$ cat my_file.cif   # mmCIF, C-alpha atoms
data_entry
loop_
_atom_site.label_atom_id
_atom_site.label_comp_id
_atom_site.auth_asym_id
_atom_site.auth_seq_id
_atom_site.Cartn_x
_atom_site.Cartn_y
_atom_site.Cartn_z
CA MET E 76 -15.50 25.87 -2.50
CA ASN E 77 -15.96 23.79 0.55
CA PRO E 78 -12.82 23.53 2.72
CA MET E 79 -13.41 19.79 3.18
CA ILE E 80 -13.43 19.26 -0.57
CA VAL E 81 -10.36 21.44 -1.02
CA SER E 82 -8.35 19.59 1.60
CA PHE E 83 -9.51 16.28 0.16
CA LEU E 84 -8.35 17.33 -3.29
CA VAL E 85 -4.98 18.45 -1.94
CA LEU E 86 -4.48 15.12 -0.14
CA ALA E 87 -5.68 13.11 -3.13
CA GLY E 88 -3.34 15.07 -5.38
CA LEU E 89 -0.42 14.40 -3.03
CA THR E 90 -1.23 10.68 -2.95
CA SER E 91 -1.74 10.31 -6.70
CA ALA E 92 1.27 12.44 -7.64
CA SER E 93 3.60 10.48 -5.39
CA ALA E 94 2.22 7.17 -6.69
CA LEU E 95 2.82 8.44 -10.23
CA ALA E 96 6.35 9.40 -9.19
CA MET E 97 6.83 5.84 -7.95
CA VAL E 98 5.88 4.59 -11.40
CA TRP E 99 7.99 7.18 -13.17
CA THR E 100 11.26 7.02 -11.29
CA LYS E 101 13.90 4.36 -11.69
CA ASN E 102 15.68 5.31 -8.51
CA LEU E 103 14.76 3.05 -5.62
CA LEU E 104 15.46 5.65 -2.94
CA HIS E 105 13.35 8.24 -4.73
CA ALA E 106 10.59 5.64 -4.90
CA ALA E 107 10.89 5.08 -1.14
CA LEU E 108 10.57 8.83 -0.59
CA ALA E 109 7.55 8.95 -2.90
CA MET E 110 6.03 6.04 -1.00
CA PHE E 111 6.52 8.03 2.22
CA MET E 112 4.60 10.96 0.76
CA CYS E 113 1.95 8.58 -0.57
CA MET E 114 1.44 7.04 2.87
CA LEU E 115 1.15 10.50 4.45
CA GLY E 116 -1.51 11.46 1.91
CA LEU E 117 -3.36 8.19 2.48
CA ALA E 118 -3.46 8.80 6.22
CA GLY E 119 -4.96 12.21 5.48
CA LEU E 120 -7.55 10.56 3.24
CA TYR E 121 -8.46 8.20 6.10
CA VAL E 122 -9.04 11.24 8.29
CA MET E 123 -11.27 12.66 5.54
CA ALA E 124 -13.27 9.41 5.66
CA TYR E 125 -13.80 9.87 9.43
CA ALA E 126 -11.51 6.96 10.27
CA ASP E 127 -9.10 8.62 12.67
CA VAL E 128 -8.02 5.36 14.31
CA MET E 129 -7.02 3.85 11.00
CA ALA E 130 -5.13 7.03 10.06
CA VAL E 131 -3.02 6.85 13.21
CA ALA E 132 -2.47 3.10 12.84
CA HIS E 133 -1.54 3.58 9.19
CA LEU E 134 0.99 6.29 10.05
CA LEU E 135 2.51 4.16 12.81
CA ILE E 136 2.70 0.96 10.80
CA TYR E 137 3.56 2.16 7.31
CA VAL E 138 5.63 5.28 7.86
CA GLY E 139 7.21 4.01 11.06
CA GLY E 140 7.55 0.33 10.28
CA VAL E 141 7.20 -0.83 6.69
CA LEU E 142 9.12 2.06 5.17
CA ILE E 143 12.04 1.57 7.55
CA LEU E 144 11.94 -2.14 6.68
CA ILE E 145 12.05 -1.27 2.96
CA LEU E 146 15.00 1.08 3.53
CA PHE E 147 16.84 -1.70 5.38
CA GLY E 148 16.03 -4.03 2.50
CA ILE E 149 17.43 -1.51 0.01
CA MET E 150 20.59 -1.07 2.07
CA LEU E 151 21.18 -4.80 2.49
CA THR E 152 20.62 -5.73 -1.16
CA GLN E 153 22.87 -3.25 -2.94
CA ASN E 154 25.89 -4.60 -4.71
CA PRO E 155 28.75 -2.23 -3.84
CA ILE E 156 30.88 -3.36 -6.76
CA ALA E 157 28.25 -2.95 -9.45
CA ASN E 158 27.16 0.49 -8.26
CA VAL E 159 29.80 2.95 -9.36
CA SER E 160 27.83 5.95 -8.24
CA GLU E 161 28.06 6.78 -4.57
CA THR E 162 25.15 9.13 -4.16
CA GLN E 163 22.25 7.24 -5.68
CA ASN E 164 21.23 3.74 -6.65
CA ASP E 165 20.06 3.82 -10.21
CA LEU E 166 18.06 0.79 -11.17
CA TRP E 167 17.64 -0.59 -14.59
CA THR E 168 14.04 -1.28 -15.56
CA LYS E 169 13.11 -3.07 -18.71
CA GLN E 170 12.38 -0.47 -21.36
CA SER E 171 10.41 -2.70 -23.68
CA GLY E 172 8.06 -3.73 -20.88
CA ARG E 173 6.93 -0.17 -20.36
CA PHE E 174 4.30 -0.20 -23.08
CA TRP E 175 2.52 -3.34 -21.92
CA ALA E 176 2.72 -2.52 -18.22
CA LEU E 177 1.41 1.00 -18.60
CA SER E 178 -1.27 0.05 -21.09
CA ILE E 179 -2.53 -2.77 -18.85
CA SER E 180 -2.64 -0.53 -15.80
CA LEU E 181 -4.26 2.31 -17.75
CA SER E 182 -6.91 0.03 -19.19
CA ILE E 183 -7.66 -1.38 -15.74
CA PHE E 184 -7.98 2.16 -14.40
CA LEU E 185 -10.35 3.18 -17.18
CA GLY E 186 -12.36 0.00 -16.73
CA LEU E 187 -12.70 0.65 -13.01
CA ILE E 188 -13.80 4.22 -13.71
CA VAL E 189 -16.42 3.00 -16.18
CA ILE E 190 -17.71 0.42 -13.70
CA LEU E 191 -17.83 2.99 -10.91
CA THR E 192 -19.63 5.64 -12.93
CA ARG E 193 -22.21 3.15 -14.15
CA SER E 194 -22.92 1.59 -10.78
CA MET E 195 -22.62 4.67 -8.59
CA SER E 196 -26.35 5.05 -8.04
CA SER E 197 -26.90 1.40 -7.13
CA PHE E 198 -24.65 1.06 -4.09
CA SER E 199 -27.08 0.05 -1.40
CA ILE E 200 -24.43 0.32 1.31
CA ALA E 201 -23.77 3.93 0.39
CA SER E 202 -27.26 5.00 1.33
CA GLY E 203 -26.75 4.82 5.07
CA GLU E 204 -26.19 7.66 7.45
CA ILE E 205 -22.61 8.93 7.59
CA GLN E 206 -21.20 8.70 11.09
CA ARG E 207 -18.94 11.61 11.87
CA SER E 208 -17.93 10.69 15.40
CA SER E 209 -14.61 9.15 16.39
CA LYS E 210 -14.52 5.42 15.79
CA LEU E 211 -12.01 4.61 18.53
CA THR E 212 -14.41 3.28 21.16
CA HIS E 213 -16.51 1.34 18.70
CA LEU E 214 -13.50 -0.19 16.99
CA GLY E 215 -11.92 -1.25 20.28
CA LEU E 216 -15.17 -2.78 21.50
CA ALA E 217 -15.74 -4.58 18.21
CA LEU E 218 -12.20 -5.95 18.12
CA LEU E 219 -12.35 -7.28 21.66
CA THR E 220 -15.87 -8.68 21.65
CA GLU E 221 -17.26 -9.61 18.26
CA TYR E 222 -13.99 -10.17 16.44
CA SER E 223 -11.90 -11.33 19.39
CA PHE E 224 -11.00 -14.70 17.88
CA ALA E 225 -9.80 -13.14 14.64
CA PHE E 226 -7.93 -10.50 16.64
CA GLU E 227 -6.05 -13.09 18.69
CA LEU E 228 -5.41 -15.11 15.54
CA ALA E 229 -3.93 -12.03 13.88
CA GLY E 230 -1.62 -11.56 16.85
CA VAL E 231 -0.43 -15.17 16.68
CA PHE E 232 -0.02 -14.82 12.92
CA LEU E 233 2.12 -11.72 13.40
CA LEU E 234 4.30 -13.55 15.92
CA ILE E 235 4.74 -16.52 13.58
CA ALA E 236 5.58 -14.21 10.67
CA LEU E 237 8.19 -12.32 12.70
CA VAL E 238 9.86 -15.51 13.96
CA GLY E 239 9.77 -16.97 10.46
CA ALA E 240 11.25 -13.83 8.93
CA THR E 241 14.06 -13.86 11.47
CA TYR E 242 14.76 -17.50 10.73
CA ILE E 243 14.68 -17.01 6.95
CA ALA E 244 16.91 -13.94 7.02
CA LYS E 245 19.68 -15.45 9.14
CA HIS E 246 22.90 -16.82 7.70
CA HIS E 247 22.54 -20.49 6.88
CA GLU E 248 25.81 -22.30 6.47
CA MET N 19 -20.02 21.20 6.55
CA ASN N 20 -20.48 18.91 3.64
CA ASP N 21 -19.16 15.39 3.39
CA ILE N 22 -16.97 14.18 0.60
CA PRO N 23 -18.83 12.02 -1.91
CA LEU N 24 -18.03 8.34 -1.91
CA SER N 25 -17.09 8.37 -5.58
CA TYR N 26 -14.05 10.60 -4.92
CA PHE N 27 -12.58 7.97 -2.63
CA LEU N 28 -13.33 5.24 -5.13
CA ILE N 29 -11.63 7.14 -7.96
CA VAL N 30 -8.48 7.76 -5.89
CA SER N 31 -8.51 4.11 -4.86
CA ALA N 32 -8.86 2.93 -8.48
CA LEU N 33 -5.95 5.18 -9.48
CA LEU N 34 -3.78 3.83 -6.66
CA PHE N 35 -4.65 0.24 -7.54
CA SER N 36 -3.81 0.64 -11.21
CA LEU N 37 -0.58 2.47 -10.43
CA GLY N 38 0.43 -0.32 -8.06
CA LEU N 39 -0.31 -2.86 -10.76
CA GLY N 40 1.73 -0.78 -13.22
CA ILE N 41 4.68 -0.72 -10.81
CA MET N 42 4.38 -4.48 -10.37
CA LEU N 43 4.43 -5.09 -14.10
CA LEU N 44 6.99 -2.43 -15.02
CA LYS N 45 9.78 -2.72 -12.50
CA ARG N 46 12.26 -5.53 -12.32
CA ASN N 47 13.68 -4.88 -8.89
CA MET N 48 12.04 -7.11 -6.28
CA ILE N 49 11.74 -4.36 -3.68
CA PHE N 50 10.03 -2.15 -6.25
CA VAL N 51 7.54 -4.93 -6.95
CA LEU N 52 6.86 -5.23 -3.21
CA MET N 53 6.19 -1.50 -3.02
CA GLY N 54 3.67 -1.89 -5.83
CA ILE N 55 1.95 -4.67 -3.92
CA GLU N 56 1.78 -2.43 -0.85
CA LEU N 57 0.19 0.29 -2.97
CA MET N 58 -2.48 -2.12 -4.17
CA LEU N 59 -3.19 -3.28 -0.60
CA ASN N 60 -3.59 0.32 0.47
CA ALA N 61 -5.97 1.02 -2.40
CA ALA N 62 -8.17 -1.85 -1.21
CA ASN N 63 -7.91 -0.52 2.34
CA LEU N 64 -9.05 2.93 1.24
CA ASN N 65 -12.08 1.36 -0.42
CA LEU N 66 -12.96 -0.59 2.74
CA ILE N 67 -12.64 2.49 4.94
CA ALA N 68 -14.61 4.70 2.56
CA PHE N 69 -17.48 2.22 2.48
CA SER N 70 -17.40 1.63 6.23
CA ARG N 71 -18.01 5.36 6.76
CA GLN N 72 -21.72 4.69 6.26
CA ASP N 73 -21.88 1.42 8.16
CA ASP N 74 -22.71 1.54 11.83
CA GLN N 75 -21.38 -2.00 12.32
CA MET N 76 -17.96 -0.86 11.00
CA GLN N 77 -17.21 -4.21 9.38
CA GLY N 78 -15.05 -2.61 6.70
CA MET N 79 -12.87 -0.86 9.23
CA VAL N 80 -12.34 -4.05 11.27
CA PHE N 81 -11.47 -5.86 8.06
CA SER N 82 -8.99 -3.13 7.14
CA VAL N 83 -7.23 -3.66 10.48
CA PHE N 84 -6.66 -7.29 9.51
CA VAL N 85 -5.56 -6.27 6.01
CA LEU N 86 -2.97 -4.01 7.66
CA VAL N 87 -1.67 -6.88 9.81
CA ILE N 88 -1.49 -9.30 6.87
CA GLY N 89 0.29 -6.68 4.77
CA VAL N 90 2.95 -6.18 7.41
CA CYS N 91 3.47 -9.95 7.74
CA GLU N 92 3.79 -10.30 3.97
CA MET N 93 6.30 -7.46 3.88
CA THR N 94 8.58 -8.94 6.55
CA ILE N 95 8.56 -12.43 5.04
CA ALA N 96 9.10 -11.12 1.51
CA LEU N 97 12.01 -8.93 2.57
CA ALA N 98 13.63 -11.86 4.38
CA ILE N 99 13.26 -13.96 1.23
CA ILE N 100 14.71 -11.13 -0.89
CA LEU N 101 17.69 -10.97 1.48
CA GLN N 102 18.33 -14.68 0.99
CA VAL N 103 17.94 -14.34 -2.79
CA TYR N 104 20.50 -11.55 -2.74
CA ARG N 105 22.91 -13.71 -0.76
CA GLN N 106 22.43 -16.56 -3.19
CA PHE N 107 22.56 -14.73 -6.52
CA LYS N 108 24.10 -11.31 -5.64
CA ASN N 109 21.27 -9.79 -7.62
CA ILE N 110 17.58 -9.13 -7.01
CA ASP N 111 16.41 -8.33 -10.53
CA LEU N 112 13.50 -10.37 -11.78
CA GLY N 113 14.35 -12.03 -15.07
CA ALA N 114 17.86 -10.69 -15.38
CA GLU N 115 20.59 -12.86 -16.86
CA LYS N 116 22.32 -13.45 -13.60
CA SER N 117 19.36 -14.76 -11.64
CA ARG N 118 18.12 -18.21 -12.52
CA PHE N 119 14.37 -17.81 -12.15
#
$ encode --input "my_file.cif" --output "structure tokens"
Amino acid sequence: MNPMIVSFLVLAGLTSASALAMVWTKNLLHAALAMFMCMLGLAGLYVMAYADVMAVAHLLIYVGGVLILILFGIMLTQNPIANVSETQNDLWTKQSGRFWALSISLSIFLGLIVILTRSMSSFSIASGEIQRSSKLTHLGLALLTEYSFAFELAGVFLLIALVGATYIAKHHE
Amino acid sequence: MNDIPLSYFLIVSALLFSLGLGIMLLKRNMIFVLMGIELMLNAANLNLIAFSRQDDQMQGMVFSVFVLVIGVCEMTIALAIILQVYRQFKNIDLGAEKSRF
């Protein structure tokens, strides 16, 4: 087999298995660990799609930023009296909701697969030439020339969101 | 050196999207629900990047940069709100007896 295909299958298996573990587990910290593995696999998949810039940005933002934020959120929202156990935070999920949730998600997955297999030959965008070079220069040029207004707007939006989050999270008397 | 077919990416992305939706519907902890939303955002991002592989304008990749930024903003605001909910109700379960919404 082709080494590209093999490495893609390994990365896709890592991503899917850790996402399944996120569904399966009831432990919030195990889910955070599974999300870490899932983000690593996704960054590998971005590399497989010749998007090296997005892989690095994804690693920096998700593994370095969002996951740490989630861990802080877990730490700050645990009730120390209710949790008798000291080594893990077990979380109670509604048992009767499992059937409907899993059947809805499974049916959406099967529906997406049916749509994809039926329309696979008619993607007009998928007929172009695959570009295997690094996208760093092109992406930087596009962000600072063609999409410069949206780029600046995203920066201002990020600033507003950070200030707003700090204001919301502070102690209000 | 062969390229990976586009359908492989789309299948992985569909699986990630449905698993994120399943997490959102199944779990009652608010942070768990947020993690499911992040999974769905990343599934959409994988689709955008896989399609932009064959686009010399790279519109999908530029759009995925903005999706990343919006996702981070949503995460910070939602975690701040969850922190305030915890301070108010001492509980972040959705639909539990102790919380009032």
$ residues_near_point --input "my_file.cif" --point "(24.7, -6.7, -5.3)" --cutoff "6 Å" --atoms "all atoms listed in the file" --output "PyMOL selection string"
(chain E and resi 152-154) or (chain N and resi 108-109)
$ atom_distance --input "my_file.cif" --atom1 "CA of Ser208 in chain E" --atom2 "CA of Ala32 in chain N"
26.7 Å
$ interface_residues --input "my_file.cif" --of "chain N" --to "chain E" --cutoff "8 Å" --atoms "only C-alpha atoms" --output "ChimeraX atom specification"
/N:19-22,24-25,28-30,32-41,43-47,49-50,53,64,67-69,71-74,76,79-80,83-84,86-88,90-95,97-102,104,108-110
$ closest_residue --input "my_file.cif" --among "N:Ser70, N:Met42, N:Leu112, N:Gly78" --to "Ile55 in chain N" --atoms "all atoms listed in the file"
N:Met42
$ atom_distance --input "my_file.cif" --atom1 "CA of Glu227 in chain E" --atom2 "CA of Ser82 in chain N"
15.5 Å
$ atom_distance --input "my_file.cif" --atom1 "CA of Asp127 in chain E" --atom2 "CA of Ser209 in chain E"
6.7 Å
$ closest_residue --input "my_file.cif" --among "E:Phe111, E:Leu135, E:Glu221, E:Thr212" --to "Glu56 in chain N" --atoms "all atoms listed in the file"
E:Phe111
$ closest_residue --input "my_file.cif" --among "N:Asn63, N:Gln75, N:Met58, N:Phe27" --to "Leu216 in chain E" --atoms "all atoms listed in the file"
N:Gln75
